[in-house]
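Undergrad: Sharing work-v1.txt, compact mmCIF, C-alpha atoms and all ligand atoms:
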```txt
# COMPACT_ATOMS: atom_id res chain seq x y z
CA MET C 1092 -83.88 -8.69 -7.76
CA PHE C 1093 -83.81 -5.66 -10.03
CA SER C 1094 -85.64 -2.37 -10.33
CA LEU C 1095 -86.46 -0.96 -13.71
CA ASP C 1096 -88.18 1.55 -15.95
CA ASP C 1097 -88.25 1.89 -19.74
CA ARG C 1098 -85.14 4.08 -19.82
CA TYR C 1099 -83.06 1.26 -18.40
CA LEU C 1100 -84.30 -1.54 -20.62
CA GLU C 1101 -81.15 -1.86 -22.78
CA PRO C 1102 -78.67 -1.44 -19.91
CA PHE C 1103 -80.61 -4.05 -17.93
CA ILE C 1104 -80.50 -6.53 -20.81
CA VAL C 1105 -76.76 -5.99 -21.28
CA PHE C 1106 -76.19 -6.50 -17.54
CA PHE C 1107 -78.40 -9.57 -17.31
CA GLU C 1108 -76.70 -11.20 -20.29
CA SER C 1109 -73.32 -10.57 -18.65
CA LEU C 1110 -74.57 -12.27 -15.47
CA ALA C 1111 -75.78 -15.21 -17.53
CA LEU C 1112 -72.56 -15.38 -19.56
CA TYR C 1113 -70.51 -15.91 -16.41
CA ASP C 1114 -73.01 -18.27 -14.82
CA SER C 1115 -73.62 -15.87 -11.94
CA LEU C 1116 -77.10 -16.85 -10.85
CA PRO C 1117 -77.57 -20.08 -8.87
CA ARG C 1118 -80.12 -22.47 -10.36
CA ASN C 1119 -83.73 -21.94 -9.34
CA THR C 1120 -83.15 -18.39 -8.17
CA ASN C 1121 -86.44 -16.50 -8.32
CA ILE C 1122 -86.02 -13.34 -10.34
CA TYR C 1123 -88.13 -10.28 -9.54
CA ILE C 1124 -88.24 -6.91 -11.24
CA LEU C 1125 -89.67 -4.01 -9.25
CA CYS C 1126 -91.47 -1.58 -11.51
CA ASP C 1127 -94.49 0.65 -12.07
CA GLN C 1128 -96.33 1.83 -15.18
CA SER C 1129 -93.06 3.41 -16.40
CA LEU C 1130 -92.02 -0.09 -17.50
CA GLY C 1131 -94.22 -0.58 -20.53
CA ARG C 1132 -95.79 -3.75 -21.92
CA ASP C 1133 -93.33 -4.00 -24.80
CA SER C 1134 -90.39 -3.77 -22.44
CA ARG C 1135 -91.86 -6.50 -20.25
CA SER C 1136 -92.33 -8.90 -23.12
CA SER C 1137 -88.88 -8.25 -24.56
CA ILE C 1138 -87.38 -8.96 -21.13
CA LYS C 1139 -89.25 -12.29 -20.92
CA GLN C 1140 -88.07 -13.29 -24.37
CA GLN C 1141 -84.48 -12.19 -23.89
CA ASN C 1142 -83.16 -15.14 -21.95
CA SER C 1143 -84.64 -18.45 -20.82
CA MET C 1144 -83.81 -17.54 -17.22
CA LEU C 1145 -86.14 -14.57 -17.59
CA ASN C 1146 -89.14 -16.61 -18.79
CA ALA C 1147 -90.49 -16.84 -15.28
CA VAL C 1148 -89.51 -13.36 -14.14
CA VAL C 1149 -92.07 -11.76 -11.82
CA PHE C 1150 -92.86 -8.08 -12.30
CA VAL C 1151 -93.81 -6.51 -8.99
CA ASP C 1152 -95.88 -3.35 -9.22
CA MET C 1153 -94.61 -0.81 -6.68
CA ASN C 1154 -97.06 1.96 -7.46
CA ASP C 1155 -99.21 1.63 -4.33
CA ILE C 1156 -96.34 0.64 -2.06
CA VAL C 1157 -93.95 3.55 -2.55
CA PRO C 1158 -94.90 6.93 -0.97
CA LYS C 1159 -96.06 9.63 -3.37
CA ARG C 1160 -93.73 12.32 -2.04
CA LEU C 1161 -90.07 11.39 -2.46
CA PRO C 1162 -86.88 13.46 -2.18
CA LEU C 1163 -86.40 13.85 -5.95
CA ARG C 1164 -85.44 17.08 -7.67
CA GLY C 1165 -86.14 18.21 -11.22
CA HIS C 1166 -82.57 17.87 -12.44
CA ASP C 1167 -81.95 14.44 -10.88
CA HIS C 1168 -80.94 11.67 -13.24
CA VAL C 1169 -82.80 9.00 -11.29
CA THR C 1170 -86.55 8.42 -11.03
CA ARG C 1171 -88.97 6.96 -8.49
CA SER C 1172 -87.67 3.51 -9.36
CA ALA C 1173 -84.51 4.24 -7.33
CA PHE C 1174 -86.64 4.14 -4.18
CA PHE C 1175 -88.34 0.82 -4.95
CA ARG C 1176 -85.61 -1.18 -3.20
CA LEU C 1177 -86.59 0.35 0.15
CA PHE C 1178 -89.95 -1.38 -0.01
CA ILE C 1179 -88.89 -4.83 -1.22
CA ALA C 1180 -89.89 -6.49 2.05
CA SER C 1181 -93.58 -5.74 1.64
CA ALA C 1182 -93.51 -6.14 -2.15
CA LEU C 1183 -92.22 -9.73 -2.17
CA PRO C 1184 -94.08 -12.79 -0.93
CA SER C 1185 -93.42 -13.53 2.75
CA HIS C 1186 -91.55 -16.77 2.01
CA GLU C 1187 -88.72 -14.75 0.42
CA ASN C 1188 -86.42 -14.17 3.36
CA GLU C 1189 -83.23 -13.02 1.74
CA VAL C 1190 -82.61 -11.17 -1.47
CA VAL C 1191 -79.69 -9.96 -3.57
CA TYR C 1192 -80.58 -6.64 -5.15
CA MET C 1193 -78.68 -5.23 -8.16
CA ASP C 1194 -79.04 -1.96 -10.06
CA ALA C 1195 -79.52 -2.13 -13.82
CA ASP C 1196 -76.53 0.15 -14.58
CA MET C 1197 -73.99 -2.56 -13.94
CA LEU C 1198 -71.91 -5.10 -15.83
CA ALA C 1199 -70.52 -8.45 -14.70
CA LEU C 1200 -66.91 -9.08 -15.70
CA LYS C 1201 -66.72 -12.41 -13.86
CA SER C 1202 -69.09 -14.75 -12.06
CA CYS C 1203 -70.59 -13.30 -8.87
CA LYS C 1204 -72.24 -16.58 -7.88
CA LEU C 1205 -70.47 -16.54 -4.51
CA LEU C 1206 -72.50 -13.48 -3.55
CA PHE C 1207 -75.48 -15.77 -3.14
CA THR C 1208 -73.67 -17.87 -0.52
CA ILE C 1209 -72.35 -15.12 1.77
CA PRO C 1210 -73.84 -15.58 5.25
CA LEU C 1211 -75.69 -12.48 6.34
CA LYS C 1212 -74.76 -11.31 9.84
CA TYR C 1213 -76.44 -7.91 9.63
CA MET C 1214 -79.77 -6.77 8.23
CA ILE C 1215 -77.99 -5.50 5.13
CA ALA C 1216 -74.71 -6.09 3.29
CA ALA C 1217 -73.19 -3.64 0.81
CA VAL C 1218 -69.96 -2.28 -0.61
CA ASP C 1219 -68.27 0.82 0.76
CA GLN C 1220 -68.62 3.84 -1.52
CA LEU C 1221 -65.18 5.12 -0.42
CA SER C 1222 -66.66 8.60 -0.37
CA ILE C 1223 -65.36 10.85 2.37
CA ASP C 1224 -67.56 13.69 1.08
CA ASP C 1225 -70.71 11.70 1.71
CA SER C 1226 -69.65 10.42 5.11
CA TYR C 1227 -68.81 13.99 6.15
CA ARG C 1228 -72.07 15.28 4.71
CA LEU C 1229 -74.17 12.78 6.66
CA TRP C 1230 -72.15 12.33 9.83
CA GLY C 1231 -70.22 15.55 10.26
CA GLU C 1232 -66.78 15.95 11.71
CA HIS C 1233 -66.78 12.66 13.62
CA GLY C 1234 -67.18 10.84 10.32
CA GLY C 1235 -68.89 7.55 9.71
CA THR C 1236 -69.35 4.94 7.04
CA TYR C 1237 -71.16 5.28 3.71
CA PHE C 1238 -72.09 2.45 1.37
CA ASN C 1239 -73.29 2.32 -2.22
CA SER C 1240 -76.86 1.05 -2.59
CA GLY C 1241 -76.45 -0.43 -6.10
CA LEU C 1242 -75.74 -3.90 -4.81
CA LEU C 1243 -77.33 -5.10 -1.60
CA ILE C 1244 -78.02 -8.31 0.25
CA MET C 1245 -81.02 -7.86 2.49
CA SER C 1246 -82.54 -9.93 5.23
CA LEU C 1247 -86.19 -9.44 4.43
CA SER C 1248 -87.36 -11.40 7.46
CA LYS C 1249 -85.55 -8.93 9.73
CA TRP C 1250 -86.68 -5.94 7.69
CA ARG C 1251 -90.25 -7.11 8.27
CA LYS C 1252 -89.71 -7.94 11.93
CA TYR C 1253 -88.29 -4.50 12.70
CA LYS C 1254 -90.73 -2.69 10.38
CA LEU C 1255 -87.93 -0.88 8.61
CA GLU C 1256 -90.24 0.63 6.02
CA ASN C 1257 -91.74 2.85 8.73
CA LEU C 1258 -88.24 3.90 9.69
CA PHE C 1259 -87.47 4.77 6.04
CA LYS C 1260 -90.66 6.83 5.80
CA ASN C 1261 -89.72 8.72 8.97
CA ILE C 1262 -86.24 9.37 7.63
CA ILE C 1263 -87.75 10.75 4.40
CA ALA C 1264 -90.10 13.02 6.37
CA ASN C 1265 -87.46 14.29 8.80
CA ASN C 1266 -84.53 14.72 6.41
CA PHE C 1267 -86.27 15.69 3.19
CA ASP C 1268 -83.87 18.52 2.31
CA LYS C 1269 -80.79 16.77 3.58
CA ILE C 1270 -81.23 13.70 1.37
CA ARG C 1271 -79.05 14.04 -1.69
CA TRP C 1272 -78.40 10.59 -3.12
CA TRP C 1273 -81.96 9.32 -2.77
CA ASP C 1274 -82.51 5.77 -1.45
CA GLN C 1275 -78.78 5.47 -0.77
CA ASP C 1276 -78.78 8.28 1.82
CA ILE C 1277 -81.94 6.87 3.41
CA LEU C 1278 -80.36 3.42 3.77
CA ASN C 1279 -77.12 4.86 5.13
CA ILE C 1280 -79.02 6.89 7.71
CA ALA C 1281 -81.14 3.88 8.67
CA PHE C 1282 -78.25 1.45 9.02
CA ARG C 1283 -75.72 3.90 10.37
CA ASP C 1284 -72.43 1.98 10.76
CA ARG C 1285 -74.35 -1.29 11.25
CA TRP C 1286 -73.99 -2.96 7.90
CA GLN C 1287 -71.96 -5.86 6.58
CA ARG C 1288 -69.05 -5.07 4.30
CA LEU C 1289 -68.83 -6.92 1.02
CA PRO C 1290 -65.59 -7.05 -1.01
CA LEU C 1291 -65.07 -3.96 -3.19
CA LYS C 1292 -64.88 -6.14 -6.31
CA TYR C 1293 -68.67 -6.65 -6.23
CA ASN C 1294 -69.51 -3.00 -6.80
CA VAL C 1295 -66.75 -1.11 -8.58
CA THR C 1296 -67.90 2.50 -8.98
CA PHE C 1297 -65.75 5.33 -10.27
CA CYS C 1298 -65.24 6.33 -6.62
CA VAL C 1299 -63.68 2.92 -5.96
CA GLU C 1300 -61.59 3.30 -9.13
CA LYS C 1301 -60.18 6.54 -7.70
CA TYR C 1302 -58.63 4.89 -4.66
CA ILE C 1303 -57.92 1.28 -5.55
CA SER C 1304 -55.02 0.30 -7.79
CA LYS C 1305 -55.85 -0.38 -11.42
CA GLU C 1306 -53.84 -3.56 -11.23
CA TYR C 1307 -55.98 -4.98 -8.42
CA LEU C 1308 -59.21 -3.93 -10.10
CA ASP C 1309 -58.25 -5.29 -13.50
CA SER C 1310 -57.62 -8.69 -12.00
CA SER C 1311 -60.51 -8.87 -9.52
CA ALA C 1312 -63.37 -6.52 -10.52
CA THR C 1313 -66.46 -8.72 -10.67
CA ILE C 1314 -69.30 -6.23 -11.04
CA VAL C 1315 -68.71 -2.74 -12.41
CA HIS C 1316 -71.32 -0.14 -11.48
CA TYR C 1317 -71.78 2.87 -13.80
CA THR C 1318 -72.85 5.43 -11.20
CA GLY C 1319 -73.33 9.13 -11.84
CA SER C 1320 -75.08 10.76 -14.77
CA GLN C 1321 -72.39 9.93 -17.35
CA LYS C 1322 -73.00 6.33 -18.34
CA PRO C 1323 -71.35 4.47 -21.21
CA TRP C 1324 -74.72 4.52 -23.07
CA ASN C 1325 -75.43 8.23 -22.78
CA SER C 1326 -72.10 9.99 -22.62
CA ARG C 1327 -68.98 10.35 -24.69
CA GLN C 1328 -67.05 10.90 -21.49
CA PRO C 1329 -68.32 8.23 -19.13
CA SER C 1330 -67.06 8.38 -15.54
CA SER C 1331 -65.94 4.75 -15.38
CA CYS C 1332 -62.71 3.45 -16.91
CA TYR C 1333 -64.60 0.23 -17.67
CA ALA C 1334 -66.97 1.93 -20.12
CA SER C 1335 -65.54 0.23 -23.20
CA GLN C 1336 -66.33 -3.18 -21.68
CA TRP C 1337 -69.99 -2.15 -21.56
CA LEU C 1338 -69.96 -0.98 -25.18
CA ILE C 1339 -68.40 -4.27 -26.25
CA ALA C 1340 -70.99 -6.23 -24.24
CA HIS C 1341 -73.78 -4.16 -25.80
CA ARG C 1342 -72.50 -4.95 -29.28
CA SER C 1343 -72.34 -8.67 -28.58
CA VAL C 1344 -75.89 -8.75 -27.14
CA PHE C 1345 -77.62 -6.59 -29.76
CA GLY C 1346 -75.35 -7.15 -32.76
CA ARG C 1347 -74.99 -3.41 -33.31
CA ASP C 1348 -73.19 -0.52 -31.68
CA CYS C 1349 -74.80 1.57 -28.98
CA HIS C 1350 -75.98 4.86 -30.54
CA VAL C 1351 -73.60 6.90 -28.37
CA LEU C 1352 -70.57 5.21 -29.85
CA ALA C 1353 -69.34 8.09 -31.96
CA ALA C 1354 -66.23 8.04 -34.14
CA ASN C 1355 -63.93 9.36 -31.43
CA ASN C 1356 -65.11 6.65 -29.08
CA ARG C 1357 -64.49 3.96 -31.68
CA LEU C 1358 -60.93 5.20 -32.00
CA ARG C 1359 -60.61 5.14 -28.21
CA MET C 1360 -61.87 1.58 -28.08
CA PHE C 1361 -59.48 0.53 -30.81
CA ILE C 1362 -56.53 2.04 -28.92
CA LEU C 1363 -57.73 0.46 -25.67
CA GLY C 1364 -57.98 -2.93 -27.34
CA LEU C 1365 -54.50 -2.49 -28.78
CA CYS C 1366 -53.10 -1.53 -25.35
CA GLN C 1367 -54.72 -4.57 -23.74
CA PHE C 1368 -53.25 -6.77 -26.45
CA LEU C 1369 -49.75 -5.31 -26.00
CA GLU C 1370 -50.07 -5.67 -22.24
CA SER C 1371 -50.95 -9.36 -22.58
CA LEU C 1372 -47.96 -9.86 -24.88
CA ARG C 1373 -45.73 -8.16 -22.32
CA LYS C 1374 -47.01 -10.43 -19.52
CA TRP C 1375 -46.58 -13.49 -21.69
CA HIS C 1376 -42.98 -12.50 -22.44
CA ARG C 1377 -41.99 -12.28 -18.77
MN MN I 1401 -76.82 2.56 -10.19
```
For the file at hand, write its structure as structure tokens.

TA:
Amino acid sequence: MFSLDDRYLEPFIVFFESLALYDSLPRNTNIYILCDQSLGRDSRSSIKQQNSMLNAVVFVDMNDIVPKRLPLRGHDHVTRSAFFRLFIASALPSHENEVVYMDADMLALKSCKLLFTIPLKYMIAAVDQLSIDDSYRLWGEHGGTYFNSGLLIMSLSKWRKYKLENLFKNIIANNFDKIRWWDQDILNIAFRDRWQRLPLKYNVTFCVEKYISKEYLDSSATIVHYTGSQKPWNSRQPSSCYASQWLIAHRSVFGRDCHVLAANNRLRMFILGLCQFLESLRKWHR
């Protein structure tokens, strides 16, 4: 399950090809893309043609399902499509009881197939954002948990049973000015401390990079998530230290460099590649 508009077409294709490369999706998984008119016809047909697994992709129009008034501000780098995930339960056919949702600004570095076998004990499973700022902002001095909403496993049957979409709408209405990180704040408020923890390796954001050793991440990071406004495809100073992996993946999918890859970045990638090579020699020598 993905959510998409035209701006994210290339990042989505790079991410999907990385999932396919590492055989991440179990056979016969139904693939849905939540969208509205901001995902144009050309984008839809290039997605279908991109990979045989996407031939049967279902585009789900969210226009009438998502409320008109959403806590978005003019300078925000996300659009309405960020909120689509909140309304998956009524958007998908009722026989779909469980779903793995992934943002488009991600990259698989290994297979994440095991994600699809994790038994769900709560209504939602996610990865901790490791953000004390956000937990303080939402929960005050007693603290509380805060997860990232870029990768979620959801029990749609329970979401329907407990009519969570009404809860989300109430949270939007009652906390309109308090909501800062869009759908993510809404989900954190809704599932306060009652969510299932997934291993950090499935959603490595730059916040996770800050606290977890590089050595651990280099060996186990499975899905990198390019959060924040500085992405590898739009910034010369992306927030993630795994930005060069995305640029390399982009080149192998499209056969050309991403337009943002300026000379200084090429030099950086060359040096990074050299460092990785020297590091592997060093390990081999031991
Ligand atoms: Mn994201």

Undergrad: Excluding same-chain residues fewer than 4 positions from Tyr1293 in chain C, what lies within 9 Å of it counting all atoms listed in the file, as a count of residues only?

TA: 12

Undergrad: What residues have any atom no more than 8 Å from ligand MN 1401 (chain I) when counting all atoms listed in the file, and can you list them as a list in words?

TA: Asp1194, Ala1195, Asp1196, Met1197, Ser1240, Gly1241, His1316, Tyr1317, Thr1318 and Gly1319 of chain C

Undergrad: Compile the contact shell of Asp1155 in chain C as a ChimeraX atom specification: residues with an atom at most 12 Å away, counting all atoms listed in the file, same-chain residues fewer than 6 positions apart removed.

TA: /C:1126-1128,1175,1178,1181-1182

Undergrad: Do you know which residues lie at most 12 Å from (-68.1, -3.4, -25.7), with coordinates as in the file and only C-alpha atoms counted, and could you write them as number ranges by chain?

TA: C: 1105-1106, 1109, 1198, 1200, 1323-1324, 1333-1349, 1351-1352, 1356-1357, 1359-1361, 1363-1364

Undergrad: Take the residues that were just selected and, keeping C-alpha atoms, output them as a PDB file, in the coordinates of the input.

TA:
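Wrote out37.pdb, looks like this:
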```
ATOM      1  CA  VAL C1105     -76.760  -5.990 -21.280  1.00  0.00           C
ATOM      2  CA  PHE C1106     -76.190  -6.500 -17.540  1.00  0.00           C
ATOM      3  CA  SER C1109     -73.320 -10.570 -18.650  1.00  0.00           C
ATOM      4  CA  LEU C1198     -71.910  -5.100 -15.830  1.00  0.00           C
ATOM      5  CA  LEU C1200     -66.910  -9.080 -15.700  1.00  0.00           C
ATOM      6  CA  PRO C1323     -71.350   4.470 -21.210  1.00  0.00           C
ATOM      7  CA  TRP C1324     -74.720   4.520 -23.070  1.00  0.00           C
ATOM      8  CA  TYR C1333     -64.600   0.230 -17.670  1.00  0.00           C
ATOM      9  CA  ALA C1334     -66.970   1.930 -20.120  1.00  0.00           C
ATOM     10  CA  SER C1335     -65.540   0.230 -23.200  1.00  0.00           C
ATOM     11  CA  GLN C1336     -66.330  -3.180 -21.680  1.00  0.00           C
ATOM     12  CA  TRP C1337     -69.990  -2.150 -21.560  1.00  0.00           C
ATOM     13  CA  LEU C1338     -69.960  -0.980 -25.180  1.00  0.00           C
ATOM     14  CA  ILE C1339     -68.400  -4.270 -26.250  1.00  0.00           C
ATOM     15  CA  ALA C1340     -70.990  -6.230 -24.240  1.00  0.00           C
ATOM     16  CA  HIS C1341     -73.780  -4.160 -25.800  1.00  0.00           C
ATOM     17  CA  ARG C1342     -72.500  -4.950 -29.280  1.00  0.00           C
ATOM     18  CA  SER C1343     -72.340  -8.670 -28.580  1.00  0.00           C
ATOM     19  CA  VAL C1344     -75.890  -8.750 -27.140  1.00  0.00           C
ATOM     20  CA  PHE C1345     -77.620  -6.590 -29.760  1.00  0.00           C
ATOM     21  CA  GLY C1346     -75.350  -7.150 -32.760  1.00  0.00           C
ATOM     22  CA  ARG C1347     -74.990  -3.410 -33.310  1.00  0.00           C
ATOM     23  CA  ASP C1348     -73.190  -0.520 -31.680  1.00  0.00           C
ATOM     24  CA  CYS C1349     -74.800   1.570 -28.980  1.00  0.00           C
ATOM     25  CA  VAL C1351     -73.600   6.900 -28.370  1.00  0.00           C
ATOM     26  CA  LEU C1352     -70.570   5.210 -29.850  1.00  0.00           C
ATOM     27  CA  ASN C1356     -65.110   6.650 -29.080  1.00  0.00           C
ATOM     28  CA  ARG C1357     -64.490   3.960 -31.680  1.00  0.00           C
ATOM     29  CA  ARG C1359     -60.610   5.140 -28.210  1.00  0.00           C
ATOM     30  CA  MET C1360     -61.870   1.580 -28.080  1.00  0.00           C
ATOM     31  CA  PHE C1361     -59.480   0.530 -30.810  1.00  0.00           C
ATOM     32  CA  LEU C1363     -57.730   0.460 -25.670  1.00  0.00           C
ATOM     33  CA  GLY C1364     -57.980  -2.930 -27.340  1.00  0.00           C
TER      34      GLY C1364
END
```

Undergrad: Expressed in Å to a single decimal, how great is the separation between CA of Asn1142 in chain C and CA of Ile1122 in chain C?

TA: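 Rounded to one decimal, the two atoms are 12.1 Å apart.
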
Undergrad: Could you tell me which of C:Lys1301, C:Lys1204, C:Lys1212, C:Arg1288 comes closest to Arg1118 in chain C if we count only C-alpha atoms?

TA: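 Of all the options, C:Lys1204 lies closest to Arg1118 in chain C.
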
Undergrad: With all atoms listed in the file as the basis for distance, which of C:Thr1296, C:Val1190, C:Asp1224, C:Leu1229 is at the shortest distance from Lys1269 in chain C?

TA: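 Closest to Lys1269 in chain C, using all atoms listed in the file: C:Leu1229.
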
Undergrad: What lies within 9 Å of Asn1325 in chain C using all atoms listed in the file, ignoring chain neighbours under 4 positions off, as a list of chain:residue names?

TA: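 Here the qualifying residues turn out to be C:Ser1320, C:Gln1321, C:Pro1329, C:His1350, C:Val1351.
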
Undergrad: Separation of CA of Asp1096 in chain C and CA of Tyr1237 in chain C, in Å?

TA: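 Atom-to-atom, CA of Asp1096 in chain C to CA of Tyr1237 in chain C, that is 26.3 Å.
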
Undergrad: What does the distance between CA of Trp1230 in chain C and CA of Ile1303 in chain C come to in Å, to one decimal place?

TA: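 Separating CA of Trp1230 in chain C from CA of Ile1303 in chain C is a distance of 23.7 Å.
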
Undergrad: Write out as an MDAnalysis selection string the residues lying within 10 Å of Leu1247 in chain C, counting all atoms listed in the file and excluding same-chain residues fewer than 6 positions away.

TA: chainID C and resid 1178:1181 1183 1185:1190 1214:1215 1253 1255

Undergrad: Please list as a VMD selection string every residue within 12 Å of Lys1139 in chain C, counting all atoms listed in the file and excluding residues in the same chain fewer than 2 positions away.

TA: chain C and resid 1100 1104 1107 1122 to 1124 1132 to 1137 1141 to 1150

Undergrad: To test the calculation: enclose all listed atoms of range 1332-1341 of chain C in a box whose edges run along x, y and z, add 5 Å on each side, then state centre and edge lengths in Å to one decimal, as JSON.

TA:
```
{"center_x": -68.2, "center_y": -1.4, "center_z": -21.6, "size_x": 21.1, "size_y": 19.7, "size_z": 19.3}
```

Undergrad: Out of C:Pro1102, C:Asn1154, C:Lys1201, C:Ala1281, which residue has the shortest atom-to-atom distance to Ser1310 in chain C when counting all atoms listed in the file?

TA: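 Using all atoms listed in the file, the shortest distance to Ser1310 in chain C belongs to C:Lys1201.
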
Undergrad: Let me make sure I understand: among C:Leu1221, C:Leu1110, C:Leu1095, C:Ile1209, which one has the smallest atom-to-atom distance to Thr1170 in chain C if we use all atoms listed in the file?

TA: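 The answer is C:Leu1095, which sits nearest to Thr1170 in chain C.
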